[in-house]
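Undergrad: This is the structure, below, for whatever I ask next.
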Amino acid sequence: MPEEIKSDEVGNAPAVPTVEKASDYLYLQNLNFDPKLKKGLLYFFVKNIKVVFLLIILISAWGIYSFLTLPRESNPEVKIPIAVVSDVYPGVSPSDMEELVTKKIETGISGVKGIKTITSNSANSVSAITVEFDANQNVDDAIRRLRDQVNSIKGNLPADAGAPVVTEISLDDSPIWTFTINGPYDGFTLRKIGDDLKDNLERIPGVREARVSGGDVREFEVAYDPDKLVQYSISADSANQLIKATNLAMPAGTFDGAEFNYVIRTDSRFFDAAALGNIPIFHTDNGAIVYLRDIASVQEKAIKKTVYSRLSANGGEPQPAVTISVIKKVGQSIPNTVKSGKVALNEYLNQYPDVRATTIVDSSKTIDDNFTQLEHDFILTIILVFGVLLLIVGLKEALVAGLAVPLVFFITFGVMSAAGITLNFLSIFSLLLALGLLVDDAIVVVTATKQYMKTGRFTPEEAVLLVLRDYKGVLLTTTLATVWAFIPLLLSTGIIGEFIKSIPITVSVILVTSLVVALVINPPLAAALERFKLTGKSYFTAMGILLAAAGYALYLRNIVSIILGIALIALVIFMVFFYKKRKLKERFIENAKTAEFESEDNELIKRKLKLKAETGHSTIGGKLLNGFISLELILPWYEKTLRRLIATRKRRFIALGVAFGLFAAAISLLATGVVVTEFFPV
């Protein structure tokens, strides 16, 4: 411990050694409270602690509700300003396709507002035109204008050409869940099961589409007998037209009954070869009916396969299978959608116990793993912040600063819900990135408040107001400087700008929210805890809160949360045992009386704070409330070291040079390729 020996004014005998103090100690000894501080807005929250508790409850309810309702996705929802106009003209060469179709469509859509570039590709019988819109255009409106214009130019295309189709390019077209089904059935049966599953899955509110591939698709083959066609003087085209005209379902009006009205419809569609063969083609002169089966051979067969689906499980022999891919609707939660889909799948497969479903791709598992990691880091951060502050500052300050973590997250979840930002891998990355930054402001406020109160010259409320006056400018400046560093990401344009915009928004909201919590919620709580006296009501309330927290931690079911839950339950058991062994009831009654006296006489609370500062490290209980490590032993050495580093002009230049050199070395790692940069990790 550095000491300074002073001599008295008369002789050379040494005086009593005095411990060297840091400069902030001298500042606090000369600091006086300004009554004008009680006229500010922040004093309203310091004075009305019940309002602060109400804010905490409202923020917690808002945040928990937002967290539970926020859609969970793997990728951010990004509207890509690109559409494709495609058309088919069978049997036409690429050059003719370009002249007859592509150029006419290009000319027709070139005047659509907001188009940036048009790129075309003409192939055999196919025309594809890619349209890219300006980044500032509303994608939905731009696609609508493009479709309207394409519909207006259909008359300029050849009569045999198909109708142009406008397709929007979207990241949401990627399947969130892909599975296969296989069993001891033929290809037709497996395909029918897959089609039935498709219908069931598309009834789920979060599912936009289910795509089926594999199996055998049924078709009807009509092979006309040329001799029969000549005999009855009928052409194949005429017979085909009759088949199309018969295979219809159409409304036939309504029937008005005495009590009810009934809708009438005719349905002559065919679903098997026998029904198709019984279609009447015409009447002979003698009144006989000629059916389709009389002039053609009608049979069911499988469409020629272009896609094969097979499944090999655990290295076994590949088996025929049907693959089903599920695509969700925009704004829906992937885990909830997949969970509902699995329930529907299991319910349907109860009809086919021999059919086995095997999951190939499940995005919900990745998302659940990401949230497990977020919860793990969330709990770990609270534990580390609480532990460090408990060692250095004390139990009360650790509780106040630790409370900032969930409150900031709750507000962030609420803002994300209002702004339409989903919980995806980028927003989760942003939450993890800002997790270590959000407690800085709270730590500064609670540690400074502790130092101010240790002087014994201010009440807790006065100390809090002085801290806010001295530090709010510094906290505001540092927070805005960090937020400003993320503004360039927010100003990015194009598809990449839309893709990464959740990062600057989420981080900025967390940092600004942490500042608000540190200025509005943490100081009143710090002041209230200094006047707080443990009573029976608060003791058992704390036990209830700990039990609730333990139950939630065990519900999360990861290693850290389970350990934390068990530790909290053990703490509650210890509190019950301690209450009975130490007979705390009488002490709680005495504490209630002391709290009443201190609320009426500020000098009592000042003397108590000064006494705690002088004797706080002499007992285990005092160390628990004032910290196990005294900063008064570290700060003088730290300040002296810094003063030595910048004592002379030469040393200052050396310190700046070293800092700049380290910065240049870090940048050179990127420039030289030692640290590889990539937007998406492989």
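Identifiers for the structure tokens are assigned positionally: chains receive A, B, ... in sequence, residues are indexed from 1 per chain, and ligands are indexed from 1 in the order shown.
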Just want the 6 Å neighbourhood of region 324-337 of chain A, counted on only C-alpha atoms, with same-chain residues fewer than 5 positions away dropped. Output as a PyMOL selection string.
TA: chain A and resi 71-73+175-179+206-212+364
Undergrad: Which parts of region 162-319 of chain A does DSSP call strand (DSSP E) when run on the backbone here, written out as a ChimeraX atom specification?
TA: /A:165-168,177-182,207-214,218-224,249-256,261-267,280-283,289-291,296-302,310-311,319
Undergrad: Sorted by chain and rising residue number, which residues of region 65-99 of chain A lie within 12 Å of region 152-163 of chain A, and what are their closest atom pairs and distances in Å to one decimal, counting only C-alpha atoms, as a Markdown table?
TA:
| residue | atom | partner | partner_atom | distance |
| --- | --- | --- | --- | --- |
| A:Val85 | CA | A:Ala163 | CA | 10.2 |
| A:Ser86 | CA | A:Ala163 | CA | 8.7 |
| A:Asp87 | CA | A:Gly162 | CA | 6.1 |
| A:Val88 | CA | A:Gly162 | CA | 5.3 |
| A:Tyr89 | CA | A:Ala161 | CA | 4.5 |
| A:Pro90 | CA | A:Ala161 | CA | 7.4 |
| A:Gly91 | CA | A:Ala161 | CA | 10.1 |
| A:Val92 | CA | A:Ala161 | CA | 9.6 |
| A:Asp96 | CA | A:Pro158 | CA | 11.3 |
| A:Met97 | CA | A:Ala161 | CA | 9.8 |
| A:Glu98 | CA | A:Leu157 | CA | 11.7 |
| A:Glu99 | CA | A:Leu157 | CA | 10.4 |
Undergrad: Which is closest to Gly40 (chain A) among A:Leu529, A:Leu390, A:Ala485, A:Leu466, if we use only C-alpha atoms?
TA: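 Checking each candidate against Gly40 (chain A), we get A:Leu466 as the closest.
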Undergrad: Could you check which of A:Phe540, A:Ala357, A:Leu403, A:Ile487 is closest to Ser60 (chain A), using only C-alpha atoms?
TA: A:Leu403
Undergrad: Need to verify the contact set: region 590-592 of chain A, 8 Å, only C-alpha atoms, exclusion of same-chain residues closer than 2 positions in sequence. Can you return it as a list of chain:residue names?
TA: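 Here the qualifying residues turn out to be A:Lys533, A:Leu534, A:Thr535, A:Glu586, A:Arg587, A:Phe588, A:Thr594, A:Ala595, A:Glu596.
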Undergrad: Quick one: pick out all alpha helix (DSSP H) residues within region 276-374 of chain A from a backbone DSSP run and write them as number ranges by chain.
TA: A: 276-277, 292-295, 334-349, 363-374
Undergrad: Show me, as CSV, the residues of region 98-210 of chain A having an atom within 12 Å of region 78-84 of chain A, each with the closest atom pair and its distance in Å, using only C-alpha atoms.
TA:
residue,atom,partner,partner_atom,distance
A:Ile105,CA,A:Val84,CA,11.6
A:Glu106,CA,A:Val84,CA,11.7
A:Ile109,CA,A:Val84,CA,11.8
A:Gly114,CA,A:Pro81,CA,10.0
A:Ile115,CA,A:Pro81,CA,9.3
A:Lys116,CA,A:Pro81,CA,9.6
A:Thr117,CA,A:Ile82,CA,9.6
A:Ile118,CA,A:Val84,CA,9.6
A:Thr119,CA,A:Val84,CA,9.4
A:Ser120,CA,A:Val84,CA,9.3
A:Asn121,CA,A:Val84,CA,10.7
A:Ser127,CA,A:Val84,CA,10.0
A:Ala128,CA,A:Val84,CA,6.6
A:Ile129,CA,A:Val84,CA,5.5
A:Thr130,CA,A:Val84,CA,4.5
A:Val131,CA,A:Ala83,CA,5.2
A:Glu132,CA,A:Ile82,CA,4.5
A:Phe133,CA,A:Pro81,CA,5.2
A:Asp134,CA,A:Pro81,CA,7.1
A:Ala135,CA,A:Pro81,CA,6.6
A:Asn136,CA,A:Pro81,CA,9.1
A:Gln137,CA,A:Pro81,CA,7.7
A:Asn138,CA,A:Pro81,CA,8.3
A:Val139,CA,A:Pro81,CA,5.6
A:Asp140,CA,A:Lys79,CA,8.7
A:Asp141,CA,A:Pro81,CA,10.6
A:Ala142,CA,A:Pro81,CA,8.2
A:Ile143,CA,A:Ala83,CA,7.2
A:Arg144,CA,A:Ala83,CA,10.7
A:Arg145,CA,A:Ala83,CA,11.6
A:Leu146,CA,A:Ala83,CA,8.8
A:Arg147,CA,A:Ala83,CA,10.0
A:Val150,CA,A:Val84,CA,11.4
A:Pro164,CA,A:Val84,CA,9.9
A:Val165,CA,A:Val84,CA,8.0
A:Val166,CA,A:Val84,CA,5.7
A:Thr167,CA,A:Val84,CA,5.2
A:Glu168,CA,A:Ala83,CA,4.5
A:Ile169,CA,A:Ala83,CA,5.6
A:Ser170,CA,A:Ile80,CA,6.0
A:Leu171,CA,A:Val78,CA,7.0
A:Asp172,CA,A:Val78,CA,8.3
A:Asp173,CA,A:Val78,CA,11.6
Undergrad: Between CA of Leu662 (chain A) and CA of Leu476 (chain A), what is the distance in Å, rounded to a tenth?
TA: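 It comes out at 27.6 Å.
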Undergrad: Tell me which of A:Tyr452, A:Phe597, A:Tyr291, A:Tyr262 sits closest to Tyr27 (chain A), counting only C-alpha atoms.
TA: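 Using only C-alpha atoms, the shortest distance to Tyr27 (chain A) belongs to A:Tyr452.
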Undergrad: Give one line per residue of region 334-426 of chain A that approaches region 312-321 of chain A to at most 12 Å, naming the two atoms of the closest pair and their distance in Å to one decimal, counting only C-alpha atoms; sort by chain then ascending residue number and deliver it as CSV.
TA:
residue,atom,partner,partner_atom,distance
A:Val355,CA,A:Ala321,CA,10.1
A:Arg356,CA,A:Ala321,CA,9.7
A:Ala357,CA,A:Ala321,CA,9.6
A:Thr358,CA,A:Ala313,CA,8.7
A:Thr359,CA,A:Ala313,CA,11.0
A:Ile360,CA,A:Ala313,CA,10.8
Undergrad: As an exercise, work out the distance from CA of Thr513 (chain A) to CA of Thr482 (chain A) in Å and give it to one decimal place.
TA: 13.0 Å
Undergrad: So that I can check the surroundings of region 622-631 of chain A, please list as a VMD selection string every protein, DNA and RNA residue that reaches within 9 Å of it, counting only C-alpha atoms and ignoring chain neighbours fewer than 5 positions away.
TA: chain A and resid 389 to 397 450 612 to 613 615 to 617 636
Undergrad: Can you write out the residues you just picked, keeping all heavy atoms, as a short mmCIF file (atom, residue, chain, number, x, y, z; two decimals), in the first residue's frame?
TA:
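Result saved to again06.cif:
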data_model
loop_
_atom_site.label_atom_id
_atom_site.label_comp_id
_atom_site.auth_asym_id
_atom_site.auth_seq_id
_atom_site.Cartn_x
_atom_site.Cartn_y
_atom_site.Cartn_z
N LEU A 389 -19.89 -7.51 -9.80
CA LEU A 389 -20.34 -6.39 -8.96
C LEU A 389 -20.44 -6.80 -7.49
O LEU A 389 -20.20 -5.99 -6.59
CB LEU A 389 -21.68 -5.88 -9.45
CG LEU A 389 -21.65 -5.14 -10.79
CD1 LEU A 389 -23.04 -4.72 -11.21
CD2 LEU A 389 -20.74 -3.93 -10.72
N LEU A 390 -20.80 -8.07 -7.24
CA LEU A 390 -20.85 -8.54 -5.86
C LEU A 390 -19.46 -8.51 -5.23
O LEU A 390 -19.31 -8.14 -4.05
CB LEU A 390 -21.42 -9.96 -5.83
CG LEU A 390 -21.52 -10.63 -4.44
CD1 LEU A 390 -22.48 -9.85 -3.55
CD2 LEU A 390 -21.97 -12.07 -4.59
N LEU A 391 -18.45 -8.84 -5.99
CA LEU A 391 -17.09 -8.83 -5.47
C LEU A 391 -16.57 -7.43 -5.23
O LEU A 391 -15.85 -7.17 -4.26
CB LEU A 391 -16.15 -9.57 -6.43
CG LEU A 391 -16.30 -11.09 -6.52
CD1 LEU A 391 -15.40 -11.64 -7.61
CD2 LEU A 391 -15.97 -11.73 -5.18
N ILE A 392 -16.93 -6.49 -6.11
CA ILE A 392 -16.31 -5.17 -6.07
C ILE A 392 -17.19 -4.12 -5.39
O ILE A 392 -16.69 -3.29 -4.63
CB ILE A 392 -15.95 -4.72 -7.50
CG1 ILE A 392 -14.92 -5.69 -8.10
CG2 ILE A 392 -15.40 -3.30 -7.51
CD1 ILE A 392 -14.56 -5.39 -9.53
N VAL A 393 -18.48 -4.15 -5.64
CA VAL A 393 -19.36 -3.08 -5.16
C VAL A 393 -20.25 -3.55 -4.02
O VAL A 393 -20.35 -2.90 -2.98
CB VAL A 393 -20.21 -2.51 -6.31
CG1 VAL A 393 -21.01 -1.29 -5.82
CG2 VAL A 393 -19.35 -2.14 -7.50
N GLY A 394 -20.96 -4.68 -4.23
CA GLY A 394 -21.85 -5.15 -3.18
C GLY A 394 -23.10 -5.80 -3.73
O GLY A 394 -23.39 -5.74 -4.94
N LEU A 395 -23.85 -6.45 -2.84
CA LEU A 395 -25.01 -7.22 -3.23
C LEU A 395 -26.11 -6.35 -3.84
O LEU A 395 -26.67 -6.68 -4.89
CB LEU A 395 -25.55 -7.98 -2.02
CG LEU A 395 -26.84 -8.78 -2.24
CD1 LEU A 395 -26.62 -9.86 -3.28
CD2 LEU A 395 -27.34 -9.38 -0.93
N LYS A 396 -26.44 -5.24 -3.20
CA LYS A 396 -27.54 -4.40 -3.68
C LYS A 396 -27.25 -3.85 -5.07
O LYS A 396 -28.12 -3.85 -5.95
CB LYS A 396 -27.78 -3.26 -2.69
CG LYS A 396 -28.24 -3.73 -1.31
CD LYS A 396 -28.42 -2.55 -0.37
CE LYS A 396 -28.87 -3.03 1.01
NZ LYS A 396 -29.03 -1.91 1.97
N GLU A 397 -26.04 -3.37 -5.28
CA GLU A 397 -25.68 -2.81 -6.57
C GLU A 397 -25.66 -3.90 -7.65
O GLU A 397 -26.00 -3.65 -8.81
CB GLU A 397 -24.32 -2.13 -6.49
CG GLU A 397 -24.31 -0.83 -5.72
CD GLU A 397 -24.48 -1.03 -4.22
OE1 GLU A 397 -24.22 -2.15 -3.75
OE2 GLU A 397 -24.89 -0.08 -3.53
N LYS A 450 -22.52 4.28 -5.33
CA LYS A 450 -21.94 3.69 -4.13
C LYS A 450 -20.82 4.57 -3.58
O LYS A 450 -20.72 4.79 -2.36
CB LYS A 450 -21.39 2.31 -4.48
CG LYS A 450 -20.91 1.50 -3.29
CD LYS A 450 -22.08 0.97 -2.49
CE LYS A 450 -21.63 -0.01 -1.44
NZ LYS A 450 -22.76 -0.61 -0.72
N LYS A 612 -21.00 2.35 7.42
CA LYS A 612 -20.85 1.18 6.56
C LYS A 612 -19.58 1.27 5.74
O LYS A 612 -18.90 0.26 5.49
CB LYS A 612 -22.06 1.04 5.64
CG LYS A 612 -23.31 0.50 6.31
CD LYS A 612 -24.51 0.54 5.38
CE LYS A 612 -24.27 -0.24 4.12
NZ LYS A 612 -25.43 -0.23 3.22
N ALA A 613 -19.24 2.48 5.28
CA ALA A 613 -18.03 2.66 4.49
C ALA A 613 -16.77 2.41 5.31
O ALA A 613 -15.77 1.90 4.80
CB ALA A 613 -18.00 4.06 3.89
N THR A 615 -16.57 0.54 8.23
CA THR A 615 -16.49 -0.80 8.84
C THR A 615 -17.07 -1.89 7.95
O THR A 615 -17.27 -3.01 8.40
CB THR A 615 -17.23 -0.80 10.18
OG1 THR A 615 -18.63 -0.52 9.95
CG2 THR A 615 -16.65 0.24 11.12
N GLY A 616 -17.37 -1.56 6.70
CA GLY A 616 -18.10 -2.50 5.84
C GLY A 616 -17.34 -3.75 5.50
O GLY A 616 -17.95 -4.78 5.18
N HIS A 617 -16.00 -3.73 5.56
CA HIS A 617 -15.21 -4.89 5.16
C HIS A 617 -14.70 -5.70 6.36
O HIS A 617 -13.85 -6.57 6.19
CB HIS A 617 -14.02 -4.44 4.32
CG HIS A 617 -14.43 -3.84 3.01
ND1 HIS A 617 -14.72 -4.59 1.89
CD2 HIS A 617 -14.61 -2.54 2.64
CE1 HIS A 617 -15.05 -3.79 0.89
NE2 HIS A 617 -14.99 -2.55 1.32
N PRO A 636 -5.87 4.28 -6.32
CA PRO A 636 -4.67 5.12 -6.24
C PRO A 636 -3.52 4.59 -7.08
O PRO A 636 -2.82 5.36 -7.76
CB PRO A 636 -4.34 5.10 -4.73
CG PRO A 636 -5.62 4.79 -4.07
CD PRO A 636 -6.34 3.87 -4.98
#
Undergrad: If we count only C-alpha atoms and set the cut-off at 7 Å, which residues sit around Ala223 (chain A), ignoring sequence neighbours fewer than 4 positions away in its own chain? Please answer as a PyMOL selection string.
TA: chain A and resi 296-298
Undergrad: Would you output that residue set with N, CA and C atoms, as a PDB file, in the first residue's frame?
TA:
ATOM      1  N   ALA A 296     -61.784 -46.196 -78.779  1.00  0.00           N
ATOM      2  CA  ALA A 296     -60.428 -46.022 -78.255  1.00  0.00           C
ATOM      3  C   ALA A 296     -60.198 -46.986 -77.108  1.00  0.00           C
ATOM      4  N   SER A 297     -58.938 -47.231 -76.860  1.00  0.00           N
ATOM      5  CA  SER A 297     -58.531 -48.027 -75.701  1.00  0.00           C
ATOM      6  C   SER A 297     -58.194 -47.061 -74.567  1.00  0.00           C
ATOM      7  N   VAL A 298     -58.899 -47.160 -73.441  1.00  0.00           N
ATOM      8  CA  VAL A 298     -58.734 -46.244 -72.306  1.00  0.00           C
ATOM      9  C   VAL A 298     -58.123 -47.025 -71.142  1.00  0.00           C
TER      10      VAL A 298
END
Undergrad: Neighbouring residues of Ala434 (chain A) were defined as those with any atom within 10 Å, considering only C-alpha atoms; residues of the same chain fewer than 5 positions away were excluded. Please report them as a list in words.
TA: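 That gives Ile428, Phe429, Val439, Ile503, Thr506, Val507, Ser508, Val509, Ile510 and Leu511 of chain A.
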Undergrad: Could you dump the residues just selected with N, CA, C and O atoms as a JSON list (two decimals), in the first residue's frame?
TA:
[["chain", "number", "residue", "atom", "x", "y", "z"],
["A", 428, "ILE", "N", -30.65, -12.28, -33.72],
["A", 428, "ILE", "CA", -30.07, -12.97, -32.57],
["A", 428, "ILE", "C", -28.59, -12.62, -32.44],
["A", 428, "ILE", "O", -28.07, -12.40, -31.34],
["A", 429, "PHE", "N", -27.88, -12.56, -33.58],
["A", 429, "PHE", "CA", -26.49, -12.14, -33.56],
["A", 429, "PHE", "C", -26.36, -10.73, -32.98],
["A", 429, "PHE", "O", -25.44, -10.44, -32.21],
["A", 439, "VAL", "N", -24.83, -3.47, -20.24],
["A", 439, "VAL", "CA", -24.71, -3.29, -18.79],
["A", 439, "VAL", "C", -23.71, -2.20, -18.43],
["A", 439, "VAL", "O", -23.56, -1.88, -17.24],
["A", 503, "ILE", "N", -29.53, -5.56, -37.91],
["A", 503, "ILE", "CA", -28.36, -5.43, -37.01],
["A", 503, "ILE", "C", -28.28, -4.03, -36.42],
["A", 503, "ILE", "O", -28.25, -3.87, -35.19],
["A", 506, "THR", "N", -31.44, -3.25, -34.11],
["A", 506, "THR", "CA", -31.46, -3.98, -32.84],
["A", 506, "THR", "C", -30.39, -3.48, -31.89],
["A", 506, "THR", "O", -30.66, -3.22, -30.70],
["A", 507, "VAL", "N", -29.17, -3.32, -32.39],
["A", 507, "VAL", "CA", -28.08, -2.86, -31.53],
["A", 507, "VAL", "C", -28.35, -1.45, -31.02],
["A", 507, "VAL", "O", -28.13, -1.14, -29.83],
["A", 508, "SER", "N", -28.83, -0.57, -31.89],
["A", 508, "SER", "CA", -29.11, 0.82, -31.48],
["A", 508, "SER", "C", -30.20, 0.87, -30.43],
["A", 508, "SER", "O", -30.10, 1.62, -29.45],
["A", 509, "VAL", "N", -31.25, 0.07, -30.61],
["A", 509, "VAL", "CA", -32.34, 0.04, -29.63],
["A", 509, "VAL", "C", -31.82, -0.45, -28.28],
["A", 509, "VAL", "O", -32.15, 0.10, -27.23],
["A", 510, "ILE", "N", -30.98, -1.47, -28.30],
["A", 510, "ILE", "CA", -30.43, -2.00, -27.04],
["A", 510, "ILE", "C", -29.58, -0.95, -26.33],
["A", 510, "ILE", "O", -29.70, -0.74, -25.11],
["A", 511, "LEU", "N", -28.71, -0.26, -27.08],
["A", 511, "LEU", "CA", -27.83, 0.73, -26.45],
["A", 511, "LEU", "C", -28.61, 1.91, -25.91],
["A", 511, "LEU", "O", -28.36, 2.38, -24.79]]
Undergrad: Could you list, as a PyMOL selection string, every residue within 10 Å of Phe458 (chain A), counting only C-alpha atoms and ignoring same-chain residues fewer than 2 positions away?
TA: chain A and resi 31-33+452-456+460-464+466+602-603+605-607+609-610
Undergrad: Interatomic distance between CA of Val46 (chain A) and CA of Leu465 (chain A)?
TA: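 Pair CA of Val46 (chain A) / CA of Leu465 (chain A) returns 8.2 Å.
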Undergrad: From the options A:Val322, A:Val222, A:Val51, A:Leu426, which residue's atoms come nearest to Glu300 (chain A), counting only C-alpha atoms?
TA: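 Among A:Val322, A:Val222, A:Val51, A:Leu426, it is A:Val222 that comes nearest to Glu300 (chain A).
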Undergrad: With only C-alpha atoms as the atoms that count, which of A:Leu190, A:Leu546, A:Glu259, A:Asp34 lies nearest to Ile566 (chain A)?
TA: A:Leu546
